[in-house]
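With mmCIF, N, CA, C and O atoms inside, this is model-v1.cif:
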```
data_structure
#
loop_
_atom_site.label_atom_id
_atom_site.label_comp_id
_atom_site.auth_asym_id
_atom_site.auth_seq_id
_atom_site.Cartn_x
_atom_site.Cartn_y
_atom_site.Cartn_z
N MET A 46 -17.60 -22.79 39.73
CA MET A 46 -17.86 -23.99 40.49
C MET A 46 -18.78 -24.89 39.66
O MET A 46 -19.78 -24.44 39.11
N ASP A 47 -18.44 -26.16 39.60
CA ASP A 47 -19.26 -27.12 38.87
C ASP A 47 -20.41 -27.60 39.74
O ASP A 47 -20.25 -27.83 40.95
N ALA A 48 -21.58 -27.76 39.14
CA ALA A 48 -22.76 -28.25 39.86
C ALA A 48 -22.68 -29.76 39.98
O ALA A 48 -22.18 -30.44 39.10
N THR A 49 -23.21 -30.26 41.08
CA THR A 49 -23.34 -31.69 41.29
C THR A 49 -24.76 -32.08 40.93
O THR A 49 -25.71 -31.43 41.36
N ILE A 50 -24.93 -33.14 40.15
CA ILE A 50 -26.24 -33.61 39.74
C ILE A 50 -26.64 -34.78 40.64
O ILE A 50 -25.93 -35.78 40.71
N VAL A 51 -27.76 -34.61 41.35
CA VAL A 51 -28.28 -35.66 42.23
C VAL A 51 -29.78 -35.77 42.00
O VAL A 51 -30.36 -35.00 41.25
N ASP A 52 -30.44 -36.70 42.68
CA ASP A 52 -31.89 -36.80 42.52
C ASP A 52 -32.61 -35.90 43.52
O ASP A 52 -32.01 -35.26 44.37
N GLY A 53 -33.93 -35.84 43.40
CA GLY A 53 -34.75 -34.94 44.20
C GLY A 53 -34.77 -35.21 45.69
O GLY A 53 -35.25 -34.38 46.46
N ASN A 54 -34.24 -36.34 46.14
CA ASN A 54 -34.21 -36.62 47.57
C ASN A 54 -33.41 -35.59 48.35
O ASN A 54 -33.64 -35.40 49.54
N VAL A 55 -32.50 -34.92 47.68
CA VAL A 55 -31.71 -33.88 48.34
C VAL A 55 -32.60 -32.74 48.84
O VAL A 55 -32.23 -32.00 49.75
N LEU A 56 -33.78 -32.59 48.26
CA LEU A 56 -34.69 -31.51 48.65
C LEU A 56 -35.34 -31.72 50.01
O LEU A 56 -35.86 -30.77 50.60
N ALA A 57 -35.34 -32.93 50.52
CA ALA A 57 -36.03 -33.24 51.78
C ALA A 57 -35.58 -32.31 52.90
O ALA A 57 -36.40 -31.70 53.58
N GLY A 58 -34.30 -32.20 53.10
CA GLY A 58 -33.80 -31.35 54.17
C GLY A 58 -34.03 -29.88 53.90
O GLY A 58 -34.43 -29.12 54.78
N MET A 59 -33.79 -29.47 52.66
CA MET A 59 -33.94 -28.06 52.31
C MET A 59 -35.38 -27.60 52.49
O MET A 59 -35.64 -26.54 53.06
N LEU A 60 -36.32 -28.36 51.98
CA LEU A 60 -37.73 -27.95 52.05
C LEU A 60 -38.30 -28.11 53.46
O LEU A 60 -39.18 -27.35 53.85
N SER A 61 -37.80 -29.08 54.23
CA SER A 61 -38.31 -29.22 55.59
C SER A 61 -37.94 -28.00 56.42
O SER A 61 -38.68 -27.60 57.31
N GLU A 62 -36.79 -27.38 56.14
CA GLU A 62 -36.42 -26.15 56.84
C GLU A 62 -37.43 -25.05 56.56
O GLU A 62 -37.80 -24.28 57.44
N MET A 63 -37.90 -24.96 55.34
CA MET A 63 -38.83 -23.90 54.96
C MET A 63 -40.22 -24.15 55.51
O MET A 63 -40.88 -23.25 56.01
N PHE A 64 -40.69 -25.38 55.44
CA PHE A 64 -42.08 -25.66 55.77
C PHE A 64 -42.30 -26.13 57.20
O PHE A 64 -43.43 -26.42 57.57
N GLU A 65 -41.26 -26.19 58.03
CA GLU A 65 -41.47 -26.61 59.41
C GLU A 65 -42.16 -25.53 60.23
O GLU A 65 -42.77 -25.80 61.25
N ALA A 66 -42.09 -24.31 59.79
CA ALA A 66 -42.72 -23.19 60.49
C ALA A 66 -44.14 -22.99 59.95
O ALA A 66 -44.57 -23.66 59.01
N ASP A 67 -44.86 -22.05 60.51
CA ASP A 67 -46.20 -21.70 60.06
C ASP A 67 -46.14 -21.21 58.62
O ASP A 67 -45.51 -20.19 58.32
N ALA A 68 -46.79 -21.92 57.71
CA ALA A 68 -46.72 -21.58 56.28
C ALA A 68 -47.31 -20.20 55.99
O ALA A 68 -46.92 -19.57 55.00
N THR A 69 -48.21 -19.71 56.81
CA THR A 69 -48.78 -18.39 56.56
C THR A 69 -47.77 -17.28 56.77
O THR A 69 -47.98 -16.15 56.34
N MET A 70 -46.64 -17.61 57.41
CA MET A 70 -45.60 -16.62 57.62
C MET A 70 -44.54 -16.66 56.53
O MET A 70 -43.53 -15.95 56.61
N LEU A 71 -44.77 -17.45 55.48
CA LEU A 71 -43.88 -17.44 54.33
C LEU A 71 -44.24 -16.26 53.44
O LEU A 71 -45.42 -15.94 53.26
N ALA A 72 -43.24 -15.61 52.89
CA ALA A 72 -43.47 -14.47 52.00
C ALA A 72 -43.52 -14.97 50.56
O ALA A 72 -42.67 -15.75 50.14
N GLY A 73 -44.53 -14.52 49.84
CA GLY A 73 -44.67 -14.87 48.44
C GLY A 73 -44.51 -13.65 47.57
O GLY A 73 -44.85 -12.53 47.98
N VAL A 74 -43.99 -13.85 46.37
CA VAL A 74 -43.87 -12.78 45.39
C VAL A 74 -44.77 -13.15 44.21
O VAL A 74 -44.67 -14.24 43.65
N CYS A 75 -45.66 -12.24 43.85
CA CYS A 75 -46.58 -12.46 42.75
C CYS A 75 -45.83 -12.29 41.43
O CYS A 75 -45.17 -11.26 41.21
N GLY A 76 -45.96 -13.26 40.55
CA GLY A 76 -45.35 -13.16 39.24
C GLY A 76 -46.07 -12.19 38.33
O GLY A 76 -45.53 -11.76 37.31
N GLY A 77 -47.31 -11.82 38.69
CA GLY A 77 -48.08 -10.89 37.88
C GLY A 77 -47.68 -9.44 38.11
O GLY A 77 -47.35 -8.72 37.18
N CYS A 78 -47.67 -9.02 39.38
CA CYS A 78 -47.42 -7.60 39.68
C CYS A 78 -46.15 -7.38 40.51
O CYS A 78 -45.80 -6.26 40.82
N ARG A 79 -45.49 -8.48 40.91
CA ARG A 79 -44.25 -8.44 41.71
C ARG A 79 -44.47 -7.98 43.15
O ARG A 79 -43.51 -7.70 43.86
N ALA A 80 -45.73 -7.89 43.60
CA ALA A 80 -46.00 -7.53 44.99
C ALA A 80 -45.50 -8.66 45.89
O ALA A 80 -45.59 -9.83 45.55
N GLU A 81 -44.98 -8.29 47.04
CA GLU A 81 -44.48 -9.25 48.01
C GLU A 81 -45.29 -9.12 49.29
O GLU A 81 -45.51 -8.01 49.79
N ALA A 82 -45.75 -10.25 49.82
CA ALA A 82 -46.54 -10.24 51.06
C ALA A 82 -46.50 -11.62 51.69
O ALA A 82 -46.25 -12.62 51.01
N LEU A 83 -46.77 -11.65 52.98
CA LEU A 83 -46.91 -12.93 53.68
C LEU A 83 -48.16 -13.64 53.15
O LEU A 83 -49.15 -12.99 52.78
N LEU A 84 -48.14 -14.96 53.13
CA LEU A 84 -49.32 -15.70 52.70
C LEU A 84 -50.52 -15.38 53.60
O LEU A 84 -51.66 -15.40 53.14
N ALA A 85 -50.27 -15.03 54.84
CA ALA A 85 -51.35 -14.66 55.75
C ALA A 85 -52.11 -13.43 55.26
O ALA A 85 -53.27 -13.23 55.62
N GLU A 86 -51.49 -12.61 54.43
CA GLU A 86 -52.10 -11.39 53.93
C GLU A 86 -52.81 -11.57 52.59
O GLU A 86 -53.44 -10.65 52.08
N ALA A 87 -52.73 -12.77 52.02
CA ALA A 87 -53.35 -13.03 50.72
C ALA A 87 -54.87 -13.11 50.87
O ALA A 87 -55.41 -13.29 51.96
N VAL A 88 -55.56 -12.98 49.75
CA VAL A 88 -57.01 -13.16 49.69
C VAL A 88 -57.25 -14.63 49.34
O VAL A 88 -56.66 -15.14 48.38
N VAL A 89 -58.10 -15.31 50.11
CA VAL A 89 -58.34 -16.73 49.87
C VAL A 89 -59.82 -16.97 49.63
O VAL A 89 -60.67 -16.57 50.43
N GLU A 90 -60.12 -17.60 48.49
CA GLU A 90 -61.48 -18.06 48.20
C GLU A 90 -61.54 -19.51 48.65
O GLU A 90 -60.78 -20.34 48.16
N LEU A 91 -62.44 -19.81 49.56
CA LEU A 91 -62.46 -21.12 50.21
C LEU A 91 -63.79 -21.80 50.01
O LEU A 91 -64.85 -21.19 50.19
N ASP A 92 -63.75 -23.08 49.62
CA ASP A 92 -64.95 -23.92 49.61
C ASP A 92 -64.54 -25.31 50.08
O ASP A 92 -63.43 -25.50 50.56
N ASP A 93 -65.44 -26.28 49.97
CA ASP A 93 -65.15 -27.63 50.49
C ASP A 93 -64.02 -28.33 49.74
O ASP A 93 -63.38 -29.22 50.28
N ALA A 94 -63.80 -27.96 48.49
CA ALA A 94 -62.82 -28.66 47.66
C ALA A 94 -61.48 -27.96 47.55
O ALA A 94 -60.47 -28.60 47.26
N ALA A 95 -61.45 -26.65 47.76
CA ALA A 95 -60.21 -25.94 47.46
C ALA A 95 -60.09 -24.63 48.22
O ALA A 95 -61.07 -24.06 48.69
N ALA A 96 -58.84 -24.17 48.30
CA ALA A 96 -58.52 -22.82 48.76
C ALA A 96 -57.73 -22.17 47.64
O ALA A 96 -56.64 -22.62 47.29
N ILE A 97 -58.31 -21.14 47.03
CA ILE A 97 -57.65 -20.42 45.94
C ILE A 97 -57.00 -19.18 46.56
O ILE A 97 -57.70 -18.32 47.11
N VAL A 98 -55.69 -19.11 46.50
CA VAL A 98 -54.92 -18.05 47.14
C VAL A 98 -54.58 -17.00 46.09
O VAL A 98 -53.88 -17.29 45.12
N ARG A 99 -55.08 -15.77 46.30
CA ARG A 99 -54.91 -14.71 45.32
C ARG A 99 -54.05 -13.57 45.88
O ARG A 99 -54.09 -13.27 47.07
N CYS A 100 -53.33 -12.93 44.98
CA CYS A 100 -52.55 -11.75 45.32
C CYS A 100 -53.51 -10.63 45.71
O CYS A 100 -54.46 -10.33 44.99
N ARG A 101 -53.28 -10.00 46.83
CA ARG A 101 -54.12 -8.90 47.29
C ARG A 101 -53.99 -7.67 46.38
O ARG A 101 -54.93 -6.90 46.24
N SER A 102 -52.86 -7.53 45.71
CA SER A 102 -52.63 -6.36 44.87
C SER A 102 -53.29 -6.46 43.50
O SER A 102 -53.89 -5.49 43.03
N CYS A 103 -53.16 -7.62 42.83
CA CYS A 103 -53.64 -7.71 41.44
C CYS A 103 -54.64 -8.84 41.22
O CYS A 103 -55.13 -9.00 40.10
N THR A 104 -54.93 -9.63 42.21
CA THR A 104 -55.87 -10.77 42.21
C THR A 104 -55.44 -11.97 41.36
O THR A 104 -56.22 -12.89 41.19
N HIS A 105 -54.21 -12.01 40.86
CA HIS A 105 -53.74 -13.22 40.19
C HIS A 105 -53.78 -14.38 41.19
O HIS A 105 -53.56 -14.18 42.39
N THR A 106 -54.05 -15.57 40.70
CA THR A 106 -54.02 -16.76 41.55
C THR A 106 -52.57 -17.15 41.81
O THR A 106 -51.84 -17.49 40.88
N LEU A 107 -52.15 -17.09 43.07
CA LEU A 107 -50.79 -17.45 43.45
C LEU A 107 -50.63 -18.97 43.50
O LEU A 107 -49.66 -19.53 42.99
N LEU A 108 -51.57 -19.62 44.16
CA LEU A 108 -51.57 -21.07 44.26
C LEU A 108 -52.96 -21.53 44.67
O LEU A 108 -53.77 -20.74 45.15
N THR A 109 -53.21 -22.81 44.46
CA THR A 109 -54.48 -23.41 44.85
C THR A 109 -54.19 -24.66 45.65
O THR A 109 -53.36 -25.48 45.25
N VAL A 110 -54.83 -24.79 46.80
CA VAL A 110 -54.72 -26.00 47.62
C VAL A 110 -56.00 -26.79 47.40
O VAL A 110 -57.10 -26.29 47.67
N LEU A 111 -55.86 -28.01 46.88
CA LEU A 111 -57.01 -28.84 46.56
C LEU A 111 -57.12 -30.01 47.54
O LEU A 111 -56.11 -30.65 47.87
N ARG A 112 -58.33 -30.28 47.97
CA ARG A 112 -58.60 -31.48 48.76
C ARG A 112 -59.18 -32.52 47.81
O ARG A 112 -60.24 -32.32 47.25
N THR A 113 -58.46 -33.62 47.61
CA THR A 113 -58.92 -34.66 46.70
C THR A 113 -59.05 -35.97 47.48
O THR A 113 -58.49 -36.09 48.57
N PRO A 114 -59.75 -36.95 46.92
CA PRO A 114 -59.82 -38.25 47.59
C PRO A 114 -58.44 -38.87 47.83
O PRO A 114 -58.24 -39.62 48.78
N ALA A 115 -57.49 -38.53 46.98
CA ALA A 115 -56.13 -39.06 47.13
C ALA A 115 -55.28 -38.25 48.11
O ALA A 115 -54.16 -38.62 48.40
N GLY A 116 -55.81 -37.12 48.62
CA GLY A 116 -55.06 -36.29 49.56
C GLY A 116 -54.97 -34.86 49.07
O GLY A 116 -55.60 -34.46 48.10
N MET A 117 -54.16 -34.08 49.76
CA MET A 117 -54.00 -32.66 49.44
C MET A 117 -53.06 -32.50 48.25
O MET A 117 -52.08 -33.24 48.12
N ARG A 118 -53.37 -31.50 47.41
CA ARG A 118 -52.52 -31.13 46.28
C ARG A 118 -52.34 -29.63 46.29
O ARG A 118 -53.27 -28.89 46.61
N VAL A 119 -51.16 -29.17 45.93
CA VAL A 119 -50.91 -27.75 45.76
C VAL A 119 -50.57 -27.53 44.29
O VAL A 119 -49.66 -28.17 43.75
N VAL A 120 -51.32 -26.63 43.66
CA VAL A 120 -51.09 -26.28 42.26
C VAL A 120 -50.60 -24.84 42.25
O VAL A 120 -51.30 -23.94 42.73
N PHE A 121 -49.40 -24.63 41.73
CA PHE A 121 -48.82 -23.29 41.72
C PHE A 121 -49.28 -22.52 40.49
O PHE A 121 -49.33 -23.05 39.40
N GLY A 122 -49.62 -21.25 40.71
CA GLY A 122 -50.05 -20.37 39.65
C GLY A 122 -49.01 -19.27 39.46
O GLY A 122 -47.88 -19.54 39.07
N ALA A 123 -49.38 -18.04 39.79
CA ALA A 123 -48.53 -16.87 39.56
C ALA A 123 -47.49 -16.65 40.66
O ALA A 123 -46.78 -15.65 40.65
N LEU A 124 -47.37 -17.56 41.60
CA LEU A 124 -46.37 -17.42 42.66
C LEU A 124 -44.99 -17.60 42.07
O LEU A 124 -44.64 -18.67 41.58
N SER A 125 -44.19 -16.54 42.05
CA SER A 125 -42.86 -16.64 41.44
C SER A 125 -41.77 -16.94 42.45
O SER A 125 -40.70 -17.40 42.08
N GLU A 126 -42.06 -16.68 43.73
CA GLU A 126 -41.06 -16.93 44.76
C GLU A 126 -41.76 -17.15 46.08
O GLU A 126 -42.79 -16.53 46.37
N LEU A 127 -41.20 -18.01 46.91
CA LEU A 127 -41.72 -18.26 48.25
C LEU A 127 -40.51 -18.38 49.16
O LEU A 127 -39.58 -19.12 48.88
N ARG A 128 -40.51 -17.57 50.24
CA ARG A 128 -39.37 -17.59 51.15
C ARG A 128 -39.85 -17.30 52.56
O ARG A 128 -40.95 -16.84 52.77
N ARG A 129 -38.98 -17.57 53.50
CA ARG A 129 -39.30 -17.22 54.88
C ARG A 129 -39.37 -15.72 55.01
O ARG A 129 -38.54 -14.99 54.48
N GLY A 130 -40.42 -15.23 55.68
CA GLY A 130 -40.64 -13.78 55.82
C GLY A 130 -39.68 -13.11 56.75
O GLY A 130 -38.84 -13.63 57.36
#
```
Go ahead and express the file in the form of structure tokens.
Amino acid sequence: MDATIVDGNVLAGMLSEMFEADATMLAGVCGGCRAEALLAEAVVELDDAAAIVRCRSCTHTLLTVLRTPAGMRVVFGALSELRRG
């Protein structure tokens, strides 16, 4: 089957399906140790500027949520996969 090439707007519907639910119930796979767990089970280091989300098994940083003057940013680290749990 040949792939169709389109712009990123096609992602709106696909990603809204994933993120319309409680994000803590999404399952993440650590790229460091391959452990799989719900984001609710991750270890989070929290301060006024950021939430650093770490793998409970190996402590690799899965992702970081930053609060900036321009708004929220998500920086992906060792998170290799994110799916509905």
Answer key for the PyMOL selection byres (((chain A and resi 72-74 and name CA) around 12) and name CA), residues as an mmCIF file with N, CA, C and O atoms, keeping the file's coordinate frame:
```cif
data_model
loop_
_atom_site.group_PDB
_atom_site.id
_atom_site.type_symbol
_atom_site.label_atom_id
_atom_site.label_comp_id
_atom_site.auth_asym_id
_atom_site.auth_seq_id
_atom_site.Cartn_x
_atom_site.Cartn_y
_atom_site.Cartn_z
ATOM 1 N N MET A 63 -37.900 -24.960 55.340
ATOM 2 C CA MET A 63 -38.830 -23.900 54.960
ATOM 3 C C MET A 63 -40.220 -24.150 55.510
ATOM 4 O O MET A 63 -40.880 -23.250 56.010
ATOM 5 N N PHE A 64 -40.690 -25.380 55.440
ATOM 6 C CA PHE A 64 -42.080 -25.660 55.770
ATOM 7 C C PHE A 64 -42.300 -26.130 57.200
ATOM 8 O O PHE A 64 -43.430 -26.420 57.570
ATOM 9 N N ASP A 67 -44.860 -22.050 60.510
ATOM 10 C CA ASP A 67 -46.200 -21.700 60.060
ATOM 11 C C ASP A 67 -46.140 -21.210 58.620
ATOM 12 O O ASP A 67 -45.510 -20.190 58.320
ATOM 13 N N ALA A 68 -46.790 -21.920 57.710
ATOM 14 C CA ALA A 68 -46.720 -21.580 56.280
ATOM 15 C C ALA A 68 -47.310 -20.200 55.990
ATOM 16 O O ALA A 68 -46.920 -19.570 55.000
ATOM 17 N N THR A 69 -48.210 -19.710 56.810
ATOM 18 C CA THR A 69 -48.780 -18.390 56.560
ATOM 19 C C THR A 69 -47.770 -17.280 56.770
ATOM 20 O O THR A 69 -47.980 -16.150 56.340
ATOM 21 N N MET A 70 -46.640 -17.610 57.410
ATOM 22 C CA MET A 70 -45.600 -16.620 57.620
ATOM 23 C C MET A 70 -44.540 -16.660 56.530
ATOM 24 O O MET A 70 -43.530 -15.950 56.610
ATOM 25 N N LEU A 71 -44.770 -17.450 55.480
ATOM 26 C CA LEU A 71 -43.880 -17.440 54.330
ATOM 27 C C LEU A 71 -44.240 -16.260 53.440
ATOM 28 O O LEU A 71 -45.420 -15.940 53.260
ATOM 29 N N CYS A 75 -45.660 -12.240 43.850
ATOM 30 C CA CYS A 75 -46.580 -12.460 42.750
ATOM 31 C C CYS A 75 -45.830 -12.290 41.430
ATOM 32 O O CYS A 75 -45.170 -11.260 41.210
ATOM 33 N N GLY A 76 -45.960 -13.260 40.550
ATOM 34 C CA GLY A 76 -45.350 -13.160 39.240
ATOM 35 C C GLY A 76 -46.070 -12.190 38.330
ATOM 36 O O GLY A 76 -45.530 -11.760 37.310
ATOM 37 N N GLY A 77 -47.310 -11.820 38.690
ATOM 38 C CA GLY A 77 -48.080 -10.890 37.880
ATOM 39 C C GLY A 77 -47.680 -9.440 38.110
ATOM 40 O O GLY A 77 -47.350 -8.720 37.180
ATOM 41 N N CYS A 78 -47.670 -9.020 39.380
ATOM 42 C CA CYS A 78 -47.420 -7.600 39.680
ATOM 43 C C CYS A 78 -46.150 -7.380 40.510
ATOM 44 O O CYS A 78 -45.800 -6.260 40.820
ATOM 45 N N ARG A 79 -45.490 -8.480 40.910
ATOM 46 C CA ARG A 79 -44.250 -8.440 41.710
ATOM 47 C C ARG A 79 -44.470 -7.980 43.150
ATOM 48 O O ARG A 79 -43.510 -7.700 43.860
ATOM 49 N N ALA A 80 -45.730 -7.890 43.600
ATOM 50 C CA ALA A 80 -46.000 -7.530 44.990
ATOM 51 C C ALA A 80 -45.500 -8.660 45.890
ATOM 52 O O ALA A 80 -45.590 -9.830 45.550
ATOM 53 N N GLU A 81 -44.980 -8.290 47.040
ATOM 54 C CA GLU A 81 -44.480 -9.250 48.010
ATOM 55 C C GLU A 81 -45.290 -9.120 49.290
ATOM 56 O O GLU A 81 -45.510 -8.010 49.790
ATOM 57 N N ALA A 82 -45.750 -10.250 49.820
ATOM 58 C CA ALA A 82 -46.540 -10.240 51.060
ATOM 59 C C ALA A 82 -46.500 -11.620 51.690
ATOM 60 O O ALA A 82 -46.250 -12.620 51.010
ATOM 61 N N LEU A 83 -46.770 -11.650 52.980
ATOM 62 C CA LEU A 83 -46.910 -12.930 53.680
ATOM 63 C C LEU A 83 -48.160 -13.640 53.150
ATOM 64 O O LEU A 83 -49.150 -12.990 52.780
ATOM 65 N N LEU A 84 -48.140 -14.960 53.130
ATOM 66 C CA LEU A 84 -49.320 -15.700 52.700
ATOM 67 C C LEU A 84 -50.520 -15.380 53.600
ATOM 68 O O LEU A 84 -51.660 -15.400 53.140
ATOM 69 N N ALA A 85 -50.270 -15.030 54.840
ATOM 70 C CA ALA A 85 -51.350 -14.660 55.750
ATOM 71 C C ALA A 85 -52.110 -13.430 55.260
ATOM 72 O O ALA A 85 -53.270 -13.230 55.620
ATOM 73 N N GLU A 86 -51.490 -12.610 54.430
ATOM 74 C CA GLU A 86 -52.100 -11.390 53.930
ATOM 75 C C GLU A 86 -52.810 -11.570 52.590
ATOM 76 O O GLU A 86 -53.440 -10.650 52.080
ATOM 77 N N ALA A 87 -52.730 -12.770 52.020
ATOM 78 C CA ALA A 87 -53.350 -13.030 50.720
ATOM 79 C C ALA A 87 -54.870 -13.110 50.870
ATOM 80 O O ALA A 87 -55.410 -13.290 51.960
ATOM 81 N N VAL A 98 -55.690 -19.110 46.500
ATOM 82 C CA VAL A 98 -54.920 -18.050 47.140
ATOM 83 C C VAL A 98 -54.580 -17.000 46.090
ATOM 84 O O VAL A 98 -53.880 -17.290 45.120
ATOM 85 N N ARG A 99 -55.080 -15.770 46.300
ATOM 86 C CA ARG A 99 -54.910 -14.710 45.320
ATOM 87 C C ARG A 99 -54.050 -13.570 45.880
ATOM 88 O O ARG A 99 -54.090 -13.270 47.070
ATOM 89 N N CYS A 100 -53.330 -12.930 44.980
ATOM 90 C CA CYS A 100 -52.550 -11.750 45.320
ATOM 91 C C CYS A 100 -53.510 -10.630 45.710
ATOM 92 O O CYS A 100 -54.460 -10.330 44.990
ATOM 93 N N ARG A 101 -53.280 -10.000 46.830
ATOM 94 C CA ARG A 101 -54.120 -8.900 47.290
ATOM 95 C C ARG A 101 -53.990 -7.670 46.380
ATOM 96 O O ARG A 101 -54.930 -6.900 46.240
ATOM 97 N N SER A 102 -52.860 -7.530 45.710
ATOM 98 C CA SER A 102 -52.630 -6.360 44.870
ATOM 99 C C SER A 102 -53.290 -6.460 43.500
ATOM 100 O O SER A 102 -53.890 -5.490 43.030
ATOM 101 N N CYS A 103 -53.160 -7.620 42.830
ATOM 102 C CA CYS A 103 -53.640 -7.710 41.440
ATOM 103 C C CYS A 103 -54.640 -8.840 41.220
ATOM 104 O O CYS A 103 -55.130 -9.000 40.100
ATOM 105 N N HIS A 105 -54.210 -12.010 40.860
ATOM 106 C CA HIS A 105 -53.740 -13.220 40.190
ATOM 107 C C HIS A 105 -53.780 -14.380 41.190
ATOM 108 O O HIS A 105 -53.560 -14.180 42.390
ATOM 109 N N THR A 106 -54.050 -15.570 40.700
ATOM 110 C CA THR A 106 -54.020 -16.760 41.550
ATOM 111 C C THR A 106 -52.570 -17.150 41.810
ATOM 112 O O THR A 106 -51.840 -17.490 40.880
ATOM 113 N N LEU A 107 -52.150 -17.090 43.070
ATOM 114 C CA LEU A 107 -50.790 -17.450 43.450
ATOM 115 C C LEU A 107 -50.630 -18.970 43.500
ATOM 116 O O LEU A 107 -49.660 -19.530 42.990
ATOM 117 N N LEU A 108 -51.570 -19.620 44.160
ATOM 118 C CA LEU A 108 -51.570 -21.070 44.260
ATOM 119 C C LEU A 108 -52.960 -21.530 44.670
ATOM 120 O O LEU A 108 -53.770 -20.740 45.150
ATOM 121 N N PHE A 121 -49.400 -24.630 41.730
ATOM 122 C CA PHE A 121 -48.820 -23.290 41.720
ATOM 123 C C PHE A 121 -49.280 -22.520 40.490
ATOM 124 O O PHE A 121 -49.330 -23.050 39.400
ATOM 125 N N GLY A 122 -49.620 -21.250 40.710
ATOM 126 C CA GLY A 122 -50.050 -20.370 39.650
ATOM 127 C C GLY A 122 -49.010 -19.270 39.460
ATOM 128 O O GLY A 122 -47.880 -19.540 39.070
ATOM 129 N N ALA A 123 -49.380 -18.040 39.790
ATOM 130 C CA ALA A 123 -48.530 -16.870 39.560
ATOM 131 C C ALA A 123 -47.490 -16.650 40.660
ATOM 132 O O ALA A 123 -46.780 -15.650 40.650
ATOM 133 N N LEU A 124 -47.370 -17.560 41.600
ATOM 134 C CA LEU A 124 -46.370 -17.420 42.660
ATOM 135 C C LEU A 124 -44.990 -17.600 42.070
ATOM 136 O O LEU A 124 -44.640 -18.670 41.580
ATOM 137 N N SER A 125 -44.190 -16.540 42.050
ATOM 138 C CA SER A 125 -42.860 -16.640 41.440
ATOM 139 C C SER A 125 -41.770 -16.940 42.450
ATOM 140 O O SER A 125 -40.700 -17.400 42.080
ATOM 141 N N GLU A 126 -42.060 -16.680 43.730
ATOM 142 C CA GLU A 126 -41.060 -16.930 44.760
ATOM 143 C C GLU A 126 -41.760 -17.150 46.080
ATOM 144 O O GLU A 126 -42.790 -16.530 46.370
ATOM 145 N N LEU A 127 -41.200 -18.010 46.910
ATOM 146 C CA LEU A 127 -41.720 -18.260 48.250
ATOM 147 C C LEU A 127 -40.510 -18.380 49.160
ATOM 148 O O LEU A 127 -39.580 -19.120 48.880
ATOM 149 N N ARG A 128 -40.510 -17.570 50.240
ATOM 150 C CA ARG A 128 -39.370 -17.590 51.150
ATOM 151 C C ARG A 128 -39.850 -17.300 52.560
ATOM 152 O O ARG A 128 -40.950 -16.840 52.770
ATOM 153 N N ARG A 129 -38.980 -17.570 53.500
ATOM 154 C CA ARG A 129 -39.300 -17.220 54.880
ATOM 155 C C ARG A 129 -39.370 -15.720 55.010
ATOM 156 O O ARG A 129 -38.540 -14.990 54.480
ATOM 157 N N GLY A 130 -40.420 -15.230 55.680
ATOM 158 C CA GLY A 130 -40.640 -13.780 55.820
ATOM 159 C C GLY A 130 -39.680 -13.110 56.750
ATOM 160 O O GLY A 130 -38.840 -13.630 57.360
#
```
Can you tell me, as JSON, numbers by chain, which residues in segment 52-118 of chain A count as alpha helix (DSSP H) by DSSP?
{"A": [56, 57, 58, 59, 60, 61, 62, 63, 64]}
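Picked by the PyMOL selection byres ((chain A and resi 111) around 7) from the coordinates shown: Asp93, Ala94, Ala95, Ala96, Thr109, Val110, Arg112, Thr113, Gly116, Met117, Arg118, Val119 and Val120 of chain A.
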Check the DSSP output for the backbone and give back, as a PyMOL selection string, the residues of chain A in strand (DSSP E or B).
chain A and resi 71-75+81-83+88-91+95-99+106-113+116-121+124-129
Taking all atoms of segment 61-69 of chain A that appear in the file, build a box with edges along x, y and z, extend it by 6 Å on every side, and state its centre and edge lengths in Å to one decimal, as lines of an AutoDock Vina configuration file.
```
center_x = -42.6
center_y = -22.7
center_z = 57.7
size_x = 24.4
size_y = 25.1
size_z = 19.0
```
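If you look at atom O of Val89 of chain A and atom N of Thr104 of chain A, they are 12.2 Å away from each other.
Across the model, the gap from atom CA of Ala66 of chain A to atom N of Leu91 of chain A is 22.8 Å.
Between atom C of Glu65 of chain A and atom O of Val88 of chain A there is a distance of 21.4 Å.
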